[in-house]
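K.L.:
Please find coords.csv (CSV, C-alpha atoms and all ligand atoms) on the next line:
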```
chain,number,residue,atom,x,y,z
A,1,MET,CA,57.8,60.1,31.1
A,2,ARG,CA,54.7,58.8,29.4
A,3,SER,CA,51.5,58.7,31.5
A,4,PRO,CA,49.2,56.0,30.1
A,5,VAL,CA,45.8,57.4,30.9
A,6,PRO,CA,46.3,61.0,29.8
A,7,ASP,CA,48.1,59.8,26.6
A,8,TYR,CA,45.1,57.5,25.9
A,9,LEU,CA,42.7,60.4,26.4
A,10,VAL,CA,44.8,62.6,24.0
A,11,ASP,CA,44.5,59.8,21.4
A,12,VAL,CA,40.7,59.6,21.9
A,13,LEU,CA,40.4,63.4,21.4
A,14,ASP,CA,42.6,63.2,18.3
A,15,ALA,CA,40.4,60.5,16.9
A,16,VAL,CA,37.2,62.6,17.0
A,17,ARG,CA,38.8,66.0,16.2
A,18,SER,CA,37.9,65.7,12.5
A,19,ILE,CA,34.1,65.4,13.3
A,20,ASP,CA,32.7,68.7,12.1
A,21,ASP,CA,29.0,67.9,12.3
A,22,GLY,CA,26.4,70.2,14.0
A,23,ALA,CA,26.5,73.7,15.2
A,24,PRO,CA,26.8,75.5,18.5
A,25,ALA,CA,23.5,76.5,20.2
A,26,ASP,CA,22.2,79.6,18.4
A,27,TYR,CA,19.4,80.7,20.6
A,28,ILE,CA,21.8,82.1,23.3
A,29,GLU,CA,23.8,84.8,21.6
A,30,VAL,CA,27.0,84.2,23.6
A,31,LEU,CA,27.0,80.4,22.9
A,32,ALA,CA,26.5,81.0,19.2
A,33,LYS,CA,29.9,82.7,19.2
A,34,ALA,CA,31.7,79.9,21.0
A,35,ASP,CA,35.1,78.7,19.8
A,36,THR,CA,34.0,75.5,18.1
A,37,SER,CA,37.6,74.1,18.0
A,38,ARG,CA,37.4,73.5,21.8
A,39,LEU,CA,37.6,69.8,22.8
A,40,ALA,CA,38.2,68.4,26.3
A,41,VAL,CA,37.7,65.3,28.3
A,42,ALA,CA,38.2,64.4,32.0
A,43,LEU,CA,37.7,61.2,34.1
A,44,ALA,CA,37.5,61.2,37.9
A,45,THR,CA,37.5,57.9,39.7
A,46,VAL,CA,35.6,57.3,42.9
A,47,ASP,CA,39.0,57.2,44.6
A,48,GLY,CA,39.7,60.8,43.6
A,49,GLU,CA,42.1,60.3,40.7
A,50,VAL,CA,41.5,62.9,38.0
A,51,TYR,CA,42.8,62.4,34.4
A,52,ALA,CA,42.2,65.1,31.7
A,53,ALA,CA,43.2,66.0,28.2
A,54,GLY,CA,42.6,68.8,25.7
A,55,ASP,CA,41.0,72.1,26.8
A,56,SER,CA,40.4,70.8,30.3
A,57,ASP,CA,40.9,74.1,32.1
A,58,VAL,CA,38.6,76.0,29.7
A,59,ALA,CA,35.3,77.1,31.5
A,60,PHE,CA,31.9,77.0,29.9
A,61,SER,CA,28.3,77.3,31.2
A,62,ILE,CA,26.9,74.1,32.8
A,63,GLN,CA,23.4,74.6,31.2
A,64,SER,CA,21.2,71.5,31.4
A,65,ILE,CA,23.9,69.5,33.2
A,66,SER,CA,22.7,71.4,36.2
A,67,LYS,CA,19.4,69.7,36.0
A,68,PRO,CA,20.4,66.4,37.8
A,69,PHE,CA,22.0,68.4,40.6
A,70,ALA,CA,18.9,70.6,41.0
A,71,TYR,CA,16.8,67.4,41.1
A,72,ALA,CA,19.1,66.0,43.8
A,73,ALA,CA,18.7,69.3,45.8
A,74,ALA,CA,14.9,69.3,45.4
A,75,ILE,CA,14.7,65.6,46.7
A,76,GLU,CA,16.9,66.5,49.7
A,77,ASP,CA,14.9,69.7,50.4
A,78,VAL,CA,11.3,68.7,50.1
A,79,GLY,CA,11.5,64.8,49.9
A,80,LEU,CA,11.0,62.5,47.0
A,81,ASP,CA,7.2,62.2,47.3
A,82,ALA,CA,6.7,66.0,47.0
A,83,VAL,CA,8.9,66.0,44.0
A,84,LEU,CA,7.1,63.1,42.3
A,85,ALA,CA,3.8,64.8,43.0
A,86,ARG,CA,4.9,67.6,40.6
A,87,ILE,CA,7.4,66.1,38.1
A,88,GLY,CA,7.2,62.6,36.4
A,89,VAL,CA,10.0,60.2,35.5
A,90,GLU,CA,9.1,59.2,32.0
A,91,PRO,CA,11.1,60.0,28.9
A,92,SER,CA,9.2,62.5,26.8
A,93,GLY,CA,10.6,61.5,23.4
A,94,ASN,CA,10.4,65.2,22.5
A,95,ALA,CA,12.9,68.1,22.4
A,96,PHE,CA,14.2,69.5,25.7
A,97,ASN,CA,12.2,72.7,25.3
A,98,GLU,CA,8.8,71.3,24.6
A,99,LEU,CA,6.1,71.5,27.3
A,100,SER,CA,5.7,67.7,27.5
A,101,LEU,CA,3.1,67.4,30.2
A,102,GLU,CA,1.8,63.9,31.2
A,103,ASP,CA,-1.7,63.1,29.8
A,104,GLY,CA,-4.4,64.1,32.2
A,105,THR,CA,-2.1,65.9,34.7
A,106,HIS,CA,-0.2,69.2,34.7
A,107,ARG,CA,3.1,67.4,35.6
A,108,PRO,CA,6.0,67.8,33.3
A,109,MET,CA,7.1,64.3,32.1
A,110,ASN,CA,10.6,64.4,33.7
A,111,PRO,CA,13.1,66.8,35.4
A,112,MET,CA,15.6,66.8,32.6
A,113,ILE,CA,13.4,68.7,30.1
A,114,ASN,CA,13.1,72.4,30.6
A,115,ALA,CA,9.5,72.2,31.9
A,116,GLY,CA,10.5,69.7,34.5
A,117,ALA,CA,13.6,71.6,35.4
A,118,LEU,CA,11.7,74.8,36.0
A,119,ALA,CA,9.3,72.9,38.3
A,120,THR,CA,12.3,71.3,40.0
A,121,HIS,CA,14.0,74.6,40.5
A,122,ALA,CA,10.9,75.9,42.3
A,123,LEU,CA,11.2,73.2,45.0
A,124,VAL,CA,14.9,73.8,45.8
A,125,ALA,CA,15.6,75.0,49.3
A,126,GLY,CA,12.0,74.3,50.4
A,127,PRO,CA,8.6,75.9,50.0
A,128,ASP,CA,9.4,79.2,51.7
A,129,ALA,CA,12.7,79.9,49.9
A,130,SER,CA,13.3,83.1,48.1
A,131,GLY,CA,14.7,83.3,44.6
A,132,PRO,CA,18.3,84.1,45.9
A,133,GLN,CA,18.1,81.3,48.4
A,134,ARG,CA,17.3,78.7,45.7
A,135,VAL,CA,20.1,80.0,43.5
A,136,GLU,CA,22.7,80.0,46.3
A,137,ARG,CA,21.6,76.5,47.5
A,138,LEU,CA,22.3,75.2,44.0
A,139,ARG,CA,25.6,77.0,43.6
A,140,THR,CA,26.7,75.7,47.0
A,141,LEU,CA,25.7,72.1,46.3
A,142,MET,CA,27.4,72.1,42.8
A,143,SER,CA,30.5,73.6,44.4
A,144,ALA,CA,30.6,70.9,47.1
A,145,MET,CA,30.4,68.3,44.4
A,146,ALA,CA,33.2,70.0,42.3
A,147,GLY,CA,35.4,70.4,45.3
A,148,ARG,CA,35.9,74.2,44.7
A,149,GLU,CA,33.8,77.4,44.8
A,150,LEU,CA,32.0,77.8,41.4
A,151,GLY,CA,30.9,81.1,40.0
A,152,TYR,CA,28.8,82.3,37.1
A,153,ASP,CA,29.2,83.2,33.5
A,154,GLU,CA,27.5,86.6,33.7
A,155,ALA,CA,27.5,87.1,29.9
A,156,VAL,CA,25.7,83.8,29.4
A,157,TYR,CA,23.2,84.6,32.2
A,158,GLU,CA,22.3,88.0,30.8
A,159,ALA,CA,22.1,86.8,27.2
A,160,GLU,CA,19.9,83.9,28.1
A,161,LEU,CA,17.6,85.9,30.4
A,162,ARG,CA,17.1,88.5,27.7
A,163,ASP,CA,15.8,85.9,25.2
A,164,ALA,CA,14.2,83.3,27.6
A,165,HIS,CA,10.7,83.7,26.1
A,166,ARG,CA,10.2,80.0,25.6
A,167,ASN,CA,11.1,79.2,29.3
A,168,ARG,CA,8.9,82.1,30.4
A,169,GLY,CA,6.0,80.5,28.5
A,170,LEU,CA,6.7,77.1,30.1
A,171,ALA,CA,6.9,78.6,33.6
A,172,HIS,CA,3.6,80.4,33.1
A,173,MET,CA,1.9,77.2,31.9
A,174,LEU,CA,3.3,75.4,35.0
A,175,ARG,CA,2.0,78.2,37.3
A,176,ALA,CA,-1.4,78.0,35.5
A,177,GLY,CA,-1.5,74.3,36.2
A,178,GLY,CA,-0.6,74.7,39.9
A,179,ILE,CA,2.8,72.9,39.6
A,180,ILE,CA,4.6,76.0,40.7
A,181,THR,CA,3.3,78.7,43.0
A,182,ALA,CA,6.1,81.2,43.0
A,183,GLU,CA,6.2,84.0,40.4
A,184,ALA,CA,7.0,82.5,37.0
A,185,GLU,CA,9.5,85.3,36.3
A,186,THR,CA,11.4,84.6,39.5
A,187,ILE,CA,11.6,80.9,38.7
A,188,VAL,CA,12.9,81.6,35.1
A,189,ASP,CA,15.5,84.0,36.5
A,190,GLY,CA,16.8,81.4,39.1
A,191,TYR,CA,16.8,78.6,36.5
A,192,VAL,CA,18.8,80.7,34.0
A,193,ARG,CA,21.2,81.5,36.9
A,194,GLN,CA,21.5,77.8,37.6
A,195,CYS,CA,22.3,77.1,34.0
A,196,SER,CA,25.0,79.9,33.9
A,197,VAL,CA,27.3,78.3,36.5
A,198,ASP,CA,30.8,78.2,35.1
A,199,VAL,CA,32.6,74.8,35.0
A,200,THR,CA,35.5,72.9,33.4
A,201,VAL,CA,35.4,69.3,32.5
A,202,ARG,CA,37.5,68.6,35.6
A,203,ASP,CA,34.8,70.1,37.7
A,204,LEU,CA,32.1,68.2,35.9
A,205,ALA,CA,34.0,64.9,36.1
A,206,LEU,CA,34.3,65.3,39.9
A,207,MET,CA,30.6,66.2,40.2
A,208,ALA,CA,29.7,63.1,38.2
A,209,ALA,CA,32.1,61.0,40.3
A,210,THR,CA,30.2,62.3,43.4
A,211,LEU,CA,27.1,60.8,41.9
A,212,ALA,CA,29.0,57.6,41.0
A,213,ASN,CA,30.3,57.4,44.5
A,214,GLY,CA,26.8,57.4,46.2
A,215,GLY,CA,26.8,61.1,47.0
A,216,VAL,CA,30.3,61.2,48.6
A,217,GLN,CA,32.7,63.7,47.0
A,218,PRO,CA,35.8,61.7,46.2
A,219,LEU,CA,38.4,64.3,47.2
A,220,THR,CA,36.8,65.8,50.3
A,221,GLY,CA,35.0,62.6,51.5
A,222,ARG,CA,31.9,64.7,52.3
A,223,GLN,CA,28.5,63.1,51.8
A,224,VAL,CA,26.9,66.0,49.8
A,225,ILE,CA,23.7,64.2,48.9
A,226,HIS,CA,22.0,61.1,50.3
A,227,ARG,CA,22.5,57.8,48.6
A,228,ASP,CA,18.7,57.4,48.0
A,229,GLY,CA,18.6,60.7,46.2
A,230,VAL,CA,21.5,59.7,44.0
A,231,ARG,CA,19.7,56.5,43.0
A,232,GLN,CA,16.7,58.5,41.8
A,233,VAL,CA,18.9,61.0,40.0
A,234,LEU,CA,21.0,58.3,38.2
A,235,SER,CA,17.8,56.5,37.2
A,236,VAL,CA,16.3,59.5,35.6
A,237,MET,CA,19.6,60.4,33.9
A,238,THR,CA,19.6,56.9,32.4
A,239,THR,CA,16.2,57.2,30.8
A,240,CYS,CA,15.9,60.9,30.1
A,241,GLY,CA,19.3,62.6,30.3
A,242,MET,CA,20.1,62.6,26.6
A,243,TYR,CA,16.6,63.7,25.6
A,244,ASP,CA,15.2,62.1,22.5
A,245,ALA,CA,18.6,60.4,21.9
A,246,ALA,CA,18.3,58.5,25.2
A,247,GLY,CA,17.7,55.1,23.5
A,248,ASP,CA,20.7,55.4,21.2
A,249,TRP,CA,22.9,56.6,24.1
A,250,VAL,CA,21.9,53.8,26.4
A,251,SER,CA,22.6,51.2,23.7
A,252,ASN,CA,25.9,52.6,22.5
A,253,VAL,CA,27.4,54.1,25.7
A,254,GLY,CA,25.3,52.6,28.5
A,255,ILE,CA,26.2,55.2,31.3
A,256,PRO,CA,23.7,57.5,33.1
A,257,ALA,CA,24.4,60.9,31.5
A,258,LYS,CA,23.3,64.5,31.0
A,259,SER,CA,24.1,66.9,28.2
A,260,GLY,CA,24.0,70.7,28.1
A,261,VAL,CA,23.7,73.2,25.2
A,262,ALA,CA,27.1,74.8,25.8
A,263,GLY,CA,28.5,71.4,24.6
A,264,GLY,CA,29.2,69.6,27.9
A,265,ILE,CA,28.2,66.0,28.7
A,266,ILE,CA,28.6,64.1,32.0
A,267,GLY,CA,28.4,60.4,32.6
A,268,ALA,CA,28.4,58.7,36.0
A,269,LEU,CA,29.1,55.0,36.3
A,270,PRO,CA,28.1,53.8,39.8
A,271,GLY,CA,30.9,52.6,41.9
A,272,GLN,CA,33.5,53.5,39.3
A,273,LEU,CA,33.9,56.9,37.8
A,274,GLY,CA,32.6,60.2,36.6
A,275,LEU,CA,33.4,61.5,33.1
A,276,ALA,CA,32.9,64.8,31.3
A,277,VAL,CA,33.5,66.0,27.8
A,278,PHE,CA,33.2,69.4,26.1
A,279,SER,CA,32.9,70.5,22.5
A,280,PRO,CA,30.5,73.2,21.5
A,281,LYS,CA,29.0,71.9,18.2
A,282,LEU,CA,25.7,70.1,18.9
A,283,ASP,CA,23.9,67.3,16.9
A,284,ALA,CA,20.2,67.4,16.0
A,285,HIS,CA,19.2,66.2,19.5
A,286,GLY,CA,21.1,69.1,21.2
A,287,ASN,CA,24.0,66.9,22.4
A,288,SER,CA,27.7,67.7,21.7
A,289,ALA,CA,28.5,65.8,18.5
A,290,ARG,CA,32.2,65.2,19.3
A,291,GLY,CA,31.3,64.7,22.9
A,292,VAL,CA,29.0,61.8,22.1
A,293,ALA,CA,31.7,60.3,19.9
A,294,VAL,CA,34.3,60.5,22.7
A,295,CYS,CA,31.9,58.8,25.1
A,296,GLU,CA,31.1,56.0,22.7
A,297,ARG,CA,34.8,55.5,22.3
A,298,LEU,CA,35.6,55.5,26.0
A,299,SER,CA,32.7,53.2,26.7
A,300,ARG,CA,33.9,50.7,24.1
A,301,ASP,CA,37.6,50.8,24.9
A,302,MET,CA,37.2,50.7,28.7
A,303,GLY,CA,34.2,48.4,28.9
A,304,LEU,CA,32.1,51.1,30.7
A,305,HIS,CA,28.7,50.0,29.5
A,306,MET,CA,26.6,49.1,32.5
A,307,MET,CA,25.3,45.8,31.0
B,401,LIG,O1,16.7,76.2,29.2
B,401,LIG,C1,17.6,76.4,28.3
B,401,LIG,O2,17.3,76.6,27.2
B,401,LIG,C2,19.1,76.3,28.7
B,401,LIG,N1,19.4,77.1,29.7
B,401,LIG,C3,19.5,74.9,29.0
B,401,LIG,C4,19.1,73.9,27.9
B,401,LIG,C5,20.1,72.8,27.7
B,401,LIG,O3,21.2,72.9,28.1
B,401,LIG,C6,19.6,71.7,26.9
B,401,LIG,N2,20.6,70.7,26.8
B,401,LIG,N3,21.0,70.1,25.9
```
Can I see the file as structure tokens?
P.N.:
Amino acid sequence: MRSPVPDYLVDVLDAVRSIDDGAPADYIEVLAKADTSRLAVALATVDGEVYAAGDSDVAFSIQSISKPFAYAAAIEDVGLDAVLARIGVEPSGNAFNELSLEDGTHRPMNPMINAGALATHALVAGPDASGPQRVERLRTLMSAMAGRELGYDEAVYEAELRDAHRNRGLAHMLRAGGIITAEAETIVDGYVRQCSVDVTVRDLALMAATLANGGVQPLTGRQVIHRDGVRQVLSVMTTCGMYDAAGDWVSNVGIPAKSGVAGGIIGALPGQLGLAVFSPKLDAHGNSARGVAVCERLSRDMGLHMM
């Protein structure tokens, strides 16, 4: 029997399969060797229906898609004012791995760039937390949003930590500016762990649907983050989630979103659905080239643009 939504999703994937632009991330050895033929999409409604097509059970590292969830955790754990005292909410217009501090302060411009994400990681689980407590807090929160226990891609963790010189540099600058007080090396280690959480597009679609559903996981009915925190997270995803392509993204797709260098992208449309796509080749902005095309198509076909 035909099943209209999955069949539609298969058609969407087939329509973008010929796009061969870009390349997988090359600065993390394991990601550089990714199978670039992989392509997957999943949608999860706020009622808990999940539709998927393509390589939807293939796991990959969450990478920067962890940043909005870490931001949500930091807001829960130390309060929004303490977070805003250390991390801004303005788009940087620069690449994700630039320092991008606000003029006249030591604050990173937003929590979606690496500098802001390192500062965010340092706030998770409160001021007295240890490195392992921060890491476990994030794994637990992301698992609650996915509706299953998530683990790590150890090979990605080890490869990234070995070559995390740029993030070490950023963390030391943040420590020098008083934005973080913990050891820079511990923060980088925890942040790299956070980025190595292993997910499928099904997991990510449910995590995004939890944001779309005001912090309530659609399958378990659990309020995993407060509604006020969700509003802040979705606002920053809208303006900063797709880095220096945020303007094009908001115009063409119009959904709060976040991308990761393993090739994943999530979108969360408040009150409606979460979506996730995966394909490893990245465009010049560091966003999955086919993933962006899938999202543009879904937004157009299904009228998902928020305006
Ligand atoms: O900090 C890094 O370099 C990575 N762990 C995460 C970067 C990332 O996913 C950027 N997204 N497009």
K.L.:
Chain A near ligand LIG 401 (chain B) within 8 Å: what's each residue's closest atom pair and its distance in Å to one decimal, counting only C-alpha atoms and all ligand atoms, ordered by chain then ascending residue number, as a tab-separated table?
P.N.:
```
residue	atom	partner	partner_atom	distance
A:Ile62	CA	B:LIG401	O3	7.5
A:Gln63	CA	B:LIG401	O3	4.2
A:Ser64	CA	B:LIG401	O3	3.6
A:Ile65	CA	B:LIG401	O3	6.7
A:Phe96	CA	B:LIG401	C6	6.0
A:Asn97	CA	B:LIG401	O2	6.7
A:Ile113	CA	B:LIG401	C6	7.6
A:Asn114	CA	B:LIG401	O1	5.4
A:Glu160	CA	B:LIG401	N1	7.0
A:Ala164	CA	B:LIG401	O2	7.4
A:Asn167	CA	B:LIG401	O1	6.4
A:Tyr191	CA	B:LIG401	N1	7.4
A:Val192	CA	B:LIG401	N1	5.6
A:Cys195	CA	B:LIG401	N1	5.2
A:Ser196	CA	B:LIG401	N1	7.5
A:Met242	CA	B:LIG401	N3	7.6
A:Tyr243	CA	B:LIG401	N3	7.8
A:Lys258	CA	B:LIG401	N3	7.9
A:Ser259	CA	B:LIG401	N3	5.0
A:Gly260	CA	B:LIG401	O3	3.6
A:Val261	CA	B:LIG401	O3	3.8
A:Ala262	CA	B:LIG401	O3	6.6
A:Gly263	CA	B:LIG401	N3	7.7
A:His285	CA	B:LIG401	N3	7.7
A:Gly286	CA	B:LIG401	N3	4.8
A:Asn287	CA	B:LIG401	N3	5.6
```
K.L.:
Which one of A:Leu39, A:Ala53, A:Leu150, A:Val30 sits closest to Ser18 (chain A) if you count all atoms listed in the file?
P.N.:
A:Leu39
K.L.:
Quick check, in Å to one decimal: how far apart do CA of Arg231 (chain A) and CA of Glu76 (chain A) lie?
P.N.:
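CA of Arg231 (chain A) sits 12.4 Å away from CA of Glu76 (chain A).
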K.L.:
Nearest residue to Asp283 (chain A) out of A:Glu90, A:Ala245, A:His305, A:Glu98, using only C-alpha atoms?
P.N.:
A:Ala245
K.L.:
Please, what distance in Å, to one decimal, runs between CA of Ala208 (chain A) and CA of Lys67 (chain A)?
P.N.:
12.4 Å
K.L.:
Of the candidates A:Ile28, A:Met207, A:Leu304, A:Cys240, which one gets nearest to Ile255 (chain A) if we count only C-alpha atoms?
P.N.:
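So, comparing all the options, the nearest one is A:Leu304.
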K.L.:
Report as JSON, numbers by chain all protein, DNA and RNA residues lying within 8 Å of Asp57 (chain A), evaluated on all atoms listed in the file, omitting residues in the same chain fewer than 3 positions from it.
P.N.:
{"A": [200, 201, 202]}
K.L.:
Store the residues of this selection in a file with C-alpha atoms, as a short mmCIF file (atom, residue, chain, number, x, y, z; two decimals), in the frame of the given file.
P.N.:
```cif
data_model
loop_
_atom_site.label_atom_id
_atom_site.label_comp_id
_atom_site.auth_asym_id
_atom_site.auth_seq_id
_atom_site.Cartn_x
_atom_site.Cartn_y
_atom_site.Cartn_z
CA THR A 200 35.50 72.90 33.40
CA VAL A 201 35.40 69.30 32.50
CA ARG A 202 37.50 68.60 35.60
#
```
K.L.:
Go through A:Asp198, A:Glu296, A:Asp7, A:Asp14 and flag the residue nearest Arg139 (chain A), using all atoms listed in the file for the distances.
P.N.:
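Distance minimum relative to Arg139 (chain A) lands on A:Asp198.
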K.L.:
Near His106 (chain A), within 8 Å and counting only C-alpha atoms, which residues show up once chain neighbours fewer than 6 positions away are dropped, as a PyMOL selection string?
P.N.:
chain A and resi 86+174+177-179
K.L.:
Determine the axis-aligned bounding box of all atoms of region 114-127 of chain A present in the file, pad each side by 4 Å, and express its centre and edge lengths in Å to one decimal place as JSON.
P.N.:
```
{"center_x": 12.1, "center_y": 72.8, "center_z": 40.5, "size_x": 15.0, "size_y": 14.2, "size_z": 27.8}
```
